[in-house]
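Q: Got a structure for you, final.pdb, holding PDB, C-alpha atoms.
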```pdb
ATOM      1  CA  MET A 227     110.891  59.303 108.564
ATOM      2  CA  PHE A 228     110.164  63.013 108.194
ATOM      3  CA  THR A 229     110.162  63.547 111.953
ATOM      4  CA  VAL A 230     113.858  64.426 111.734
ATOM      5  CA  VAL A 231     113.196  67.059 109.108
ATOM      6  CA  ILE A 232     110.270  68.639 110.971
ATOM      7  CA  ILE A 233     112.337  68.786 114.163
ATOM      8  CA  MET A 234     115.205  70.470 112.319
ATOM      9  CA  ALA A 235     112.817  73.030 110.777
ATOM     10  CA  ALA A 236     111.425  73.761 114.261
ATOM     11  CA  GLY A 237     115.005  74.242 115.485
ATOM     12  CA  MET A 238     115.725  76.682 112.647
ATOM     13  CA  LEU A 239     112.640  78.700 113.525
ATOM     14  CA  ALA A 240     113.620  78.704 117.219
ATOM     15  CA  GLY A 241     117.163  79.757 116.299
ATOM     16  CA  TYR A 242     115.845  82.549 114.082
ATOM     17  CA  LEU A 243     113.591  83.875 116.848
ATOM     18  CA  LEU A 244     116.431  83.661 119.393
ATOM     19  CA  ARG A 245     119.133  85.020 117.048
ATOM     20  CA  LYS A 246     119.716  88.128 119.188
ATOM     21  CA  HIS A 247     120.568  85.963 122.209
ATOM     22  CA  LYS A 248     124.155  85.187 121.205
ATOM     23  CA  LYS A 249     124.947  83.272 124.398
ATOM     24  CA  LEU A 250     122.044  80.901 123.899
ATOM     25  CA  ILE A 251     123.031  80.230 120.272
ATOM     26  CA  SER A 252     126.670  79.581 121.161
ATOM     27  CA  LEU A 253     125.589  77.314 124.047
ATOM     28  CA  SER A 254     123.486  75.363 121.557
ATOM     29  CA  GLU A 255     126.484  75.079 119.200
ATOM     30  CA  ARG A 256     128.691  73.731 122.003
ATOM     31  CA  LEU A 257     125.969  71.242 122.962
ATOM     32  CA  VAL A 258     125.822  70.063 119.343
ATOM     33  CA  MET A 259     129.564  69.441 119.383
ATOM     34  CA  TRP A 260     129.450  67.393 122.571
ATOM     35  CA  ALA A 261     126.319  65.510 121.493
ATOM     36  CA  ILE A 262     128.146  64.531 118.308
ATOM     37  CA  TYR A 263     131.217  63.379 120.246
ATOM     38  CA  LEU A 264     128.993  61.272 122.517
ATOM     39  CA  LEU A 265     126.954  59.755 119.690
ATOM     40  CA  LEU A 266     130.021  58.852 117.663
ATOM     41  CA  PHE A 267     131.626  57.346 120.755
ATOM     42  CA  LEU A 268     128.494  55.216 121.177
ATOM     43  CA  LEU A 269     128.536  54.287 117.480
ATOM     44  CA  GLY A 270     132.149  53.188 118.048
ATOM     45  CA  VAL A 271     131.078  51.054 121.011
ATOM     46  CA  THR A 272     128.349  49.399 118.890
ATOM     47  CA  ILE A 273     130.973  48.538 116.286
ATOM     48  CA  GLY A 274     133.540  47.446 118.885
ATOM     49  CA  VAL A 275     131.296  44.784 120.420
ATOM     50  CA  ASN A 276     130.282  43.438 116.996
ATOM     51  CA  ASP A 277     132.909  40.996 115.700
ATOM     52  CA  GLN A 278     131.233  40.651 112.294
ATOM     53  CA  ILE A 279     131.571  44.366 111.611
ATOM     54  CA  LEU A 280     135.135  44.498 112.982
ATOM     55  CA  GLU A 281     136.237  41.769 110.587
ATOM     56  CA  ARG A 282     134.965  43.813 107.662
ATOM     57  CA  PHE A 283     136.426  47.138 108.782
ATOM     58  CA  ALA A 284     139.100  47.376 106.079
ATOM     59  CA  GLU A 285     136.553  46.492 103.406
ATOM     60  CA  MET A 286     134.229  49.222 104.737
ATOM     61  CA  GLY A 287     137.102  51.720 104.622
ATOM     62  CA  TRP A 288     137.704  50.966 100.947
ATOM     63  CA  LEU A 289     134.002  51.223 100.148
ATOM     64  CA  ALA A 290     133.959  54.608 101.936
ATOM     65  CA  PHE A 291     136.946  55.801  99.898
ATOM     66  CA  ILE A 292     135.302  54.752  96.615
ATOM     67  CA  ILE A 293     132.053  56.545  97.575
ATOM     68  CA  ALA A 294     134.007  59.695  98.550
ATOM     69  CA  VAL A 295     135.960  59.745  95.284
ATOM     70  CA  GLY A 296     132.837  59.012  93.202
ATOM     71  CA  GLY A 297     130.879  61.786  94.919
ATOM     72  CA  ILE A 298     133.664  64.356  94.623
ATOM     73  CA  GLY A 299     134.479  63.414  91.016
ATOM     74  CA  GLY A 300     130.846  63.569  89.878
ATOM     75  CA  SER A 301     130.098  66.873  91.581
ATOM     76  CA  ILE A 302     133.254  68.563  90.287
ATOM     77  CA  LEU A 303     132.567  67.337  86.764
ATOM     78  CA  ILE A 304     128.907  68.449  86.685
ATOM     79  CA  GLY A 305     129.848  71.769  88.341
ATOM     80  CA  TRP A 306     132.618  72.323  85.790
ATOM     81  CA  LEU A 307     130.282  71.538  82.839
ATOM     82  CA  VAL A 308     127.502  73.825  84.084
ATOM     83  CA  PHE A 309     129.718  76.748  85.082
ATOM     84  CA  THR A 310     131.972  76.556  82.014
ATOM     85  CA  PHE A 311     129.327  76.179  79.325
ATOM     86  CA  PHE A 312     126.047  77.483  80.750
ATOM     87  CA  LEU A 313     126.573  79.926  83.593
ATOM     88  CA  LYS A 314     129.937  81.533  83.060
ATOM     89  CA  SER A 315     131.207  83.553  85.981
ATOM     90  CA  LYS A 316     134.600  85.172  86.163
ATOM     91  CA  THR A 317     133.977  86.853  89.496
ATOM     92  CA  GLY A 318     132.164  84.224  91.543
ATOM     93  CA  GLN A 319     129.096  86.461  91.712
ATOM     94  CA  LEU A 320     126.106  84.579  90.386
TER      95      LEU A 320
ATOM     96  CA  MET B 155     140.625  68.924 109.805
ATOM     97  CA  ARG B 156     141.334  69.235 113.525
ATOM     98  CA  ASN B 157     137.681  68.735 114.316
ATOM     99  CA  SER B 158     137.374  65.664 112.102
ATOM    100  CA  LEU B 159     140.398  64.144 113.858
ATOM    101  CA  ILE B 160     138.781  64.738 117.269
ATOM    102  CA  ILE B 161     135.601  63.066 116.008
ATOM    103  CA  LEU B 162     137.533  60.073 114.692
ATOM    104  CA  LEU B 163     139.355  59.889 118.032
ATOM    105  CA  PHE B 164     136.058  59.689 119.950
ATOM    106  CA  PHE B 165     134.862  57.041 117.513
ATOM    107  CA  ALA B 166     138.125  55.055 117.870
ATOM    108  CA  VAL B 167     138.010  55.215 121.689
ATOM    109  CA  GLY B 168     134.409  53.957 121.447
ATOM    110  CA  VAL B 169     135.496  51.048 119.243
ATOM    111  CA  LEU B 170     138.326  50.131 121.625
ATOM    112  CA  SER B 171     136.140  50.287 124.715
ATOM    113  CA  GLY B 172     133.653  48.064 122.881
ATOM    114  CA  VAL B 173     136.337  45.571 121.897
ATOM    115  CA  TYR B 174     137.792  45.342 125.417
ATOM    116  CA  GLU B 175     134.329  45.418 127.035
ATOM    117  CA  ILE B 176     135.269  48.006 129.621
ATOM    118  CA  LEU B 177     131.836  49.639 129.671
ATOM    119  CA  PRO B 178     128.951  48.721 131.982
ATOM    120  CA  GLY B 179     126.208  46.624 130.393
ATOM    121  CA  TRP B 180     123.433  49.172 130.909
ATOM    122  CA  LEU B 181     125.150  51.553 128.518
ATOM    123  CA  LEU B 182     124.798  48.978 125.743
ATOM    124  CA  ALA B 183     121.414  47.603 126.753
ATOM    125  CA  ASN B 184     119.562  50.874 126.157
ATOM    126  CA  ASP B 185     119.146  52.543 122.824
ATOM    127  CA  TYR B 186     119.240  56.283 123.307
ATOM    128  CA  SER B 187     120.070  57.028 119.719
ATOM    129  CA  THR B 188     116.696  58.035 118.296
ATOM    130  CA  ARG B 189     115.914  60.552 121.010
ATOM    131  CA  ALA B 190     119.471  61.850 120.995
ATOM    132  CA  LEU B 191     119.221  62.278 117.223
ATOM    133  CA  TYR B 192     116.048  64.350 117.590
ATOM    134  CA  ILE B 193     117.675  66.640 120.152
ATOM    135  CA  LEU B 194     120.763  66.947 117.969
ATOM    136  CA  MET B 195     118.709  67.836 114.876
ATOM    137  CA  PHE B 196     116.823  70.505 116.801
ATOM    138  CA  LEU B 197     120.076  72.071 118.013
ATOM    139  CA  VAL B 198     121.637  71.937 114.532
ATOM    140  CA  GLY B 199     118.554  73.824 113.313
ATOM    141  CA  VAL B 200     118.981  76.423 116.072
ATOM    142  CA  GLY B 201     122.586  76.931 114.945
ATOM    143  CA  ILE B 202     121.541  77.577 111.321
ATOM    144  CA  GLY B 203     118.506  79.731 112.168
ATOM    145  CA  GLY B 204     120.446  81.774 114.705
ATOM    146  CA  ASP B 205     123.477  82.444 112.485
ATOM    147  CA  GLU B 206     123.065  85.910 110.953
ATOM    148  CA  ARG B 207     125.865  85.189 108.493
ATOM    149  CA  SER B 208     123.824  82.237 107.159
ATOM    150  CA  LEU B 209     120.747  84.430 106.858
ATOM    151  CA  LYS B 210     122.716  87.001 104.839
ATOM    152  CA  ALA B 211     124.005  84.265 102.528
ATOM    153  CA  LEU B 212     120.480  82.866 102.073
ATOM    154  CA  ALA B 213     119.248  86.369 101.216
ATOM    155  CA  LYS B 214     121.493  86.222  98.106
ATOM    156  CA  PHE B 215     119.178  83.575  96.698
ATOM    157  CA  ASN B 216     118.692  83.549  92.946
ATOM    158  CA  LEU B 217     118.358  80.806  90.365
ATOM    159  CA  LYS B 218     122.004  80.914  89.285
ATOM    160  CA  ILE B 219     123.518  80.663  92.763
ATOM    161  CA  PHE B 220     121.017  77.893  93.493
ATOM    162  CA  MET B 221     122.571  75.924  90.619
ATOM    163  CA  VAL B 222     125.782  75.478  92.644
ATOM    164  CA  PRO B 223     124.245  73.173  95.312
ATOM    165  CA  VAL B 224     122.118  71.545  92.586
ATOM    166  CA  THR B 225     125.260  70.595  90.605
ATOM    167  CA  THR B 226     126.826  69.179  93.771
ATOM    168  CA  ILE B 227     123.777  67.054  94.588
ATOM    169  CA  LEU B 228     123.251  65.756  91.034
ATOM    170  CA  GLY B 229     126.990  65.282  90.453
ATOM    171  CA  THR B 230     127.456  63.356  93.701
ATOM    172  CA  PHE B 231     124.603  60.992  92.863
ATOM    173  CA  LEU B 232     125.818  60.589  89.271
ATOM    174  CA  GLY B 233     129.411  59.870  90.329
ATOM    175  CA  ILE B 234     128.269  57.327  92.908
ATOM    176  CA  THR B 235     125.980  55.634  90.377
ATOM    177  CA  VAL B 236     129.010  55.298  88.073
ATOM    178  CA  VAL B 237     131.172  53.651  90.766
ATOM    179  CA  TYR B 238     128.215  51.436  91.771
ATOM    180  CA  VAL B 239     128.404  49.781  88.348
ATOM    181  CA  PHE B 240     131.887  48.506  89.261
ATOM    182  CA  LEU B 241     130.951  47.254  92.734
ATOM    183  CA  SER B 242     129.248  44.055  93.778
ATOM    184  CA  HIS B 243     127.281  43.056  96.911
ATOM    185  CA  VAL B 244     126.181  46.622  97.660
ATOM    186  CA  SER B 245     122.862  48.322  97.039
ATOM    187  CA  LEU B 246     122.677  51.596  95.134
ATOM    188  CA  THR B 247     120.412  53.217  97.725
ATOM    189  CA  ASP B 248     122.922  52.407 100.497
ATOM    190  CA  LEU B 249     125.705  54.077  98.488
ATOM    191  CA  LEU B 250     123.561  57.107  97.618
ATOM    192  CA  ALA B 251     122.501  57.526 101.273
ATOM    193  CA  VAL B 252     126.171  57.631 102.283
ATOM    194  CA  GLY B 253     126.895  60.093  99.458
ATOM    195  CA  ALA B 254     123.974  62.286 100.575
ATOM    196  CA  GLY B 255     126.039  63.114 103.664
ATOM    197  CA  PHE B 256     127.938  65.553 101.385
ATOM    198  CA  GLY B 257     130.857  65.651 103.810
ATOM    199  CA  TYR B 258     128.643  66.258 106.856
ATOM    200  CA  TYR B 259     130.042  63.156 108.529
ATOM    201  CA  SER B 260     128.782  63.701 112.067
ATOM    202  CA  LEU B 261     125.137  64.114 111.192
ATOM    203  CA  SER B 262     124.920  61.674 108.283
ATOM    204  CA  SER B 263     126.611  58.826 110.180
ATOM    205  CA  ILE B 264     124.288  59.268 113.152
ATOM    206  CA  ILE B 265     121.132  59.462 111.003
ATOM    207  CA  ILE B 266     122.167  56.440 108.916
ATOM    208  CA  SER B 267     123.086  54.298 111.929
ATOM    209  CA  ASP B 268     119.710  55.151 113.435
ATOM    210  CA  LEU B 269     117.535  54.716 110.315
ATOM    211  CA  HIS B 270     119.518  51.875 108.686
ATOM    212  CA  SER B 271     122.416  50.091 110.437
ATOM    213  CA  ALA B 272     125.518  50.835 112.494
ATOM    214  CA  GLU B 273     127.589  49.274 109.733
ATOM    215  CA  LEU B 274     126.407  51.688 107.044
ATOM    216  CA  GLY B 275     126.718  54.481 109.619
ATOM    217  CA  VAL B 276     130.434  53.734 109.892
ATOM    218  CA  VAL B 277     130.821  53.745 106.106
ATOM    219  CA  ALA B 278     129.064  57.148 106.115
ATOM    220  CA  LEU B 279     131.391  58.444 108.822
ATOM    221  CA  LEU B 280     134.518  57.365 106.945
ATOM    222  CA  ALA B 281     133.342  58.371 103.447
ATOM    223  CA  ASN B 282     132.278  61.843 104.550
ATOM    224  CA  VAL B 283     135.400  62.521 106.646
ATOM    225  CA  MET B 284     137.360  61.531 103.531
ATOM    226  CA  ARG B 285     135.315  63.960 101.445
ATOM    227  CA  GLU B 286     136.316  66.796 103.764
ATOM    228  CA  ILE B 287     139.991  65.824 103.963
ATOM    229  CA  ILE B 288     140.325  65.242 100.195
ATOM    230  CA  THR B 289     138.780  68.693  99.606
ATOM    231  CA  LEU B 290     141.179  70.363 102.063
ATOM    232  CA  VAL B 291     144.216  68.728 100.490
ATOM    233  CA  MET B 292     143.235  68.777  96.816
ATOM    234  CA  ALA B 293     141.522  72.199  96.544
ATOM    235  CA  PRO B 294     144.450  73.869  94.675
ATOM    236  CA  VAL B 295     144.550  71.008  92.154
ATOM    237  CA  PHE B 296     140.766  71.098  91.668
ATOM    238  CA  VAL B 297     140.828  74.864  91.019
ATOM    239  CA  ARG B 298     143.627  74.530  88.510
ATOM    240  CA  TYR B 299     141.993  71.845  86.375
ATOM    241  CA  PHE B 300     138.256  72.272  86.946
ATOM    242  CA  GLY B 301     137.739  75.940  87.764
ATOM    243  CA  LYS B 302     136.969  77.948  90.840
ATOM    244  CA  PHE B 303     133.682  76.287  91.690
ATOM    245  CA  ALA B 304     135.375  72.884  91.997
ATOM    246  CA  PRO B 305     136.434  73.092  95.692
ATOM    247  CA  ILE B 306     132.915  74.293  96.564
ATOM    248  CA  ASN B 307     131.337  71.340  94.728
ATOM    249  CA  SER B 308     133.874  69.007  96.293
ATOM    250  CA  GLY B 309     133.460  70.348  99.832
ATOM    251  CA  GLY B 310     129.709  69.736  99.862
ATOM    252  CA  ALA B 311     128.066  70.755 103.142
ATOM    253  CA  THR B 312     131.481  71.623 104.621
ATOM    254  CA  SER B 313     131.864  74.616 102.251
ATOM    255  CA  MET B 314     130.112  76.740 104.912
ATOM    256  CA  ASP B 315     132.566  75.988 107.725
ATOM    257  CA  THR B 316     135.527  73.601 107.742
ATOM    258  CA  THR B 317     136.572  73.911 104.091
ATOM    259  CA  LEU B 318     135.592  77.600 103.748
ATOM    260  CA  PRO B 319     139.099  78.938 104.537
ATOM    261  CA  VAL B 320     140.707  76.778 101.864
ATOM    262  CA  ILE B 321     137.993  77.735  99.342
ATOM    263  CA  SER B 322     138.623  81.410 100.099
ATOM    264  CA  ALA B 323     142.370  80.879  99.646
ATOM    265  CA  THR B 324     142.211  78.864  96.405
ATOM    266  CA  SER B 325     139.064  80.112  94.592
ATOM    267  CA  GLY B 326     139.233  83.633  95.987
ATOM    268  CA  LYS B 327     137.412  85.784  98.542
ATOM    269  CA  GLU B 328     134.701  86.619  96.007
ATOM    270  CA  TYR B 329     133.575  82.966  96.173
ATOM    271  CA  VAL B 330     132.941  82.996  99.938
ATOM    272  CA  ILE B 331     129.266  84.028  99.707
ATOM    273  CA  THR B 332     128.605  81.326  97.105
ATOM    274  CA  ALA B 333     130.410  78.770  99.291
ATOM    275  CA  LEU B 334     128.361  79.779 102.357
ATOM    276  CA  PHE B 335     125.082  79.629 100.440
ATOM    277  CA  HIS B 336     126.041  76.249  98.959
ATOM    278  CA  GLY B 337     127.062  74.801 102.334
ATOM    279  CA  ILE B 338     123.875  75.942 104.044
ATOM    280  CA  ILE B 339     121.583  74.478 101.353
ATOM    281  CA  LEU B 340     123.483  71.180 101.474
ATOM    282  CA  THR B 341     123.501  71.060 105.282
ATOM    283  CA  ILE B 342     119.725  71.480 105.314
ATOM    284  CA  SER B 343     119.291  68.883 102.554
ATOM    285  CA  VAL B 344     121.361  66.149 104.288
ATOM    286  CA  PRO B 345     118.623  64.863 106.666
ATOM    287  CA  PHE B 346     115.961  65.190 103.934
ATOM    288  CA  LEU B 347     117.861  63.327 101.249
ATOM    289  CA  VAL B 348     119.314  60.641 103.527
ATOM    290  CA  ALA B 349     115.851  59.834 104.922
ATOM    291  CA  ILE B 350     114.205  59.834 101.476
ATOM    292  CA  ILE B 351     116.900  57.637  99.891
ATOM    293  CA  LEU B 352     116.860  55.104 102.747
ATOM    294  CA  SER B 353     113.060  54.847 102.491
ATOM    295  CA  LEU B 354     113.474  53.829  98.825
ATOM    296  CA  GLY B 355     115.924  51.031  99.662
TER     297      GLY B 355
END
```
Please render this file's structure as structure tokens.
A:
Amino acid sequence: MFTVVIIMAAGMLAGYLLRKHKKLISLSERLVMWAIYLLLFLLGVTIGVNDQILERFAEMGWLAFIIAVGGIGGSILIGWLVFTFFLKSKTGQL
Amino acid sequence: MRNSLIILLFFAVGVLSGVYEILPGWLLANDYSTRALYILMFLVGVGIGGDERSLKALAKFNLKIFMVPVTTILGTFLGITVVYVFLSHVSLTDLLAVGAGFGYYSLSSIIISDLHSAELGVVALLANVMREIITLVMAPVFVRYFGKFAPINSGGATSMDTTLPVISATSGKEYVITALFHGIILTISVPFLVAIILSLG
């Protein structure tokens, strides 16, 4: 389970050590973009061949919307409470 | 916004090619996802570690600025727990895992489809794309009613890149460092929190 996290930490260290090599970093960023496109394409294929999931697509879209609104609403509210009553900042500098 | 539309386009083309079965069987028979996820996570790490702008933002660390990502994380989980009460046939850990994407739809959907199920991965993709788009569209309204930190809280992990221009325009340029710091902390926390929450489910 934590393999993902350790691998990401190793990547951060590698990126930090290679930070002067701009071309390498920007190559890595482009690779990330294309890897994401490929993986989401493949996720789409997995969904496309699965009739059970396809039937429930609209329902999943609504669930996603409710989660998005809940997450945004909660974080704005807690942020507003904390930064209005506890840590006032007029300038954005904290 | 443009980037999230491209991503959704790739996903939609994938769905269509699955539906019409135009792909060769070997593509479906093998599961490359875990290894691909590991490579992706490594490269995402390289991008953060190698970005000097990120390092400068992280150097601003103090307890107060750290409260901004903390409010986003706690608020997201609280808000989702509230909506969970009104839903049936879903588990709280599934909802929280989706919420722990904090708008980072590409990574969270891939991690969740690998560690949990393709179905929840799709919910994560949609929910987190929506989080980004709602933030882009609603930022002026959020600032007006809930203060200048609101678009940062709302943007989640995207406050370091895709929603940063709109945060700068609505909250002000002086909030850019806070937004960067916030986005970086949340980006790093996405794989941690998603994995931890799914292991509880």
Q: Work out how far atom CA of Ala278 of chain B is from atom CA of Arg256 of chain A, in Å to one decimal.
A: 23.0 Å
Q: Could you write out as a ChimeraX atom specification the residues of chain A within 6 Å of chain B, counting only C-alpha atoms?
A: /A:233-234,237-238,240-242,245,254,266-267,270-271,273-275,286,290-291,294,296-298,300-302,304-306,318,320
Q: State, in Å with one decimal place, the distance from atom CA of Leu334 of chain B to atom CA of Leu290 of chain B.
A: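 Atom-to-atom, atom CA of Leu334 of chain B and atom CA of Leu290 of chain B are spaced 15.9 Å apart.
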Q: What gap, in Å, lies between atom CA of Ser245 of chain B and atom CA of Gln278 of chain A?
A: 19.0 Å
Q: Measuring atom to atom with only C-alpha atoms, identify which of B:Ser271, B:Thr247, B:Thr317, B:Ser208 is nearest to Ile351 of chain B.
A: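 Of B:Ser271, B:Thr247, B:Thr317, B:Ser208, the one nearest Ile351 of chain B, counting only C-alpha atoms, is B:Thr247.
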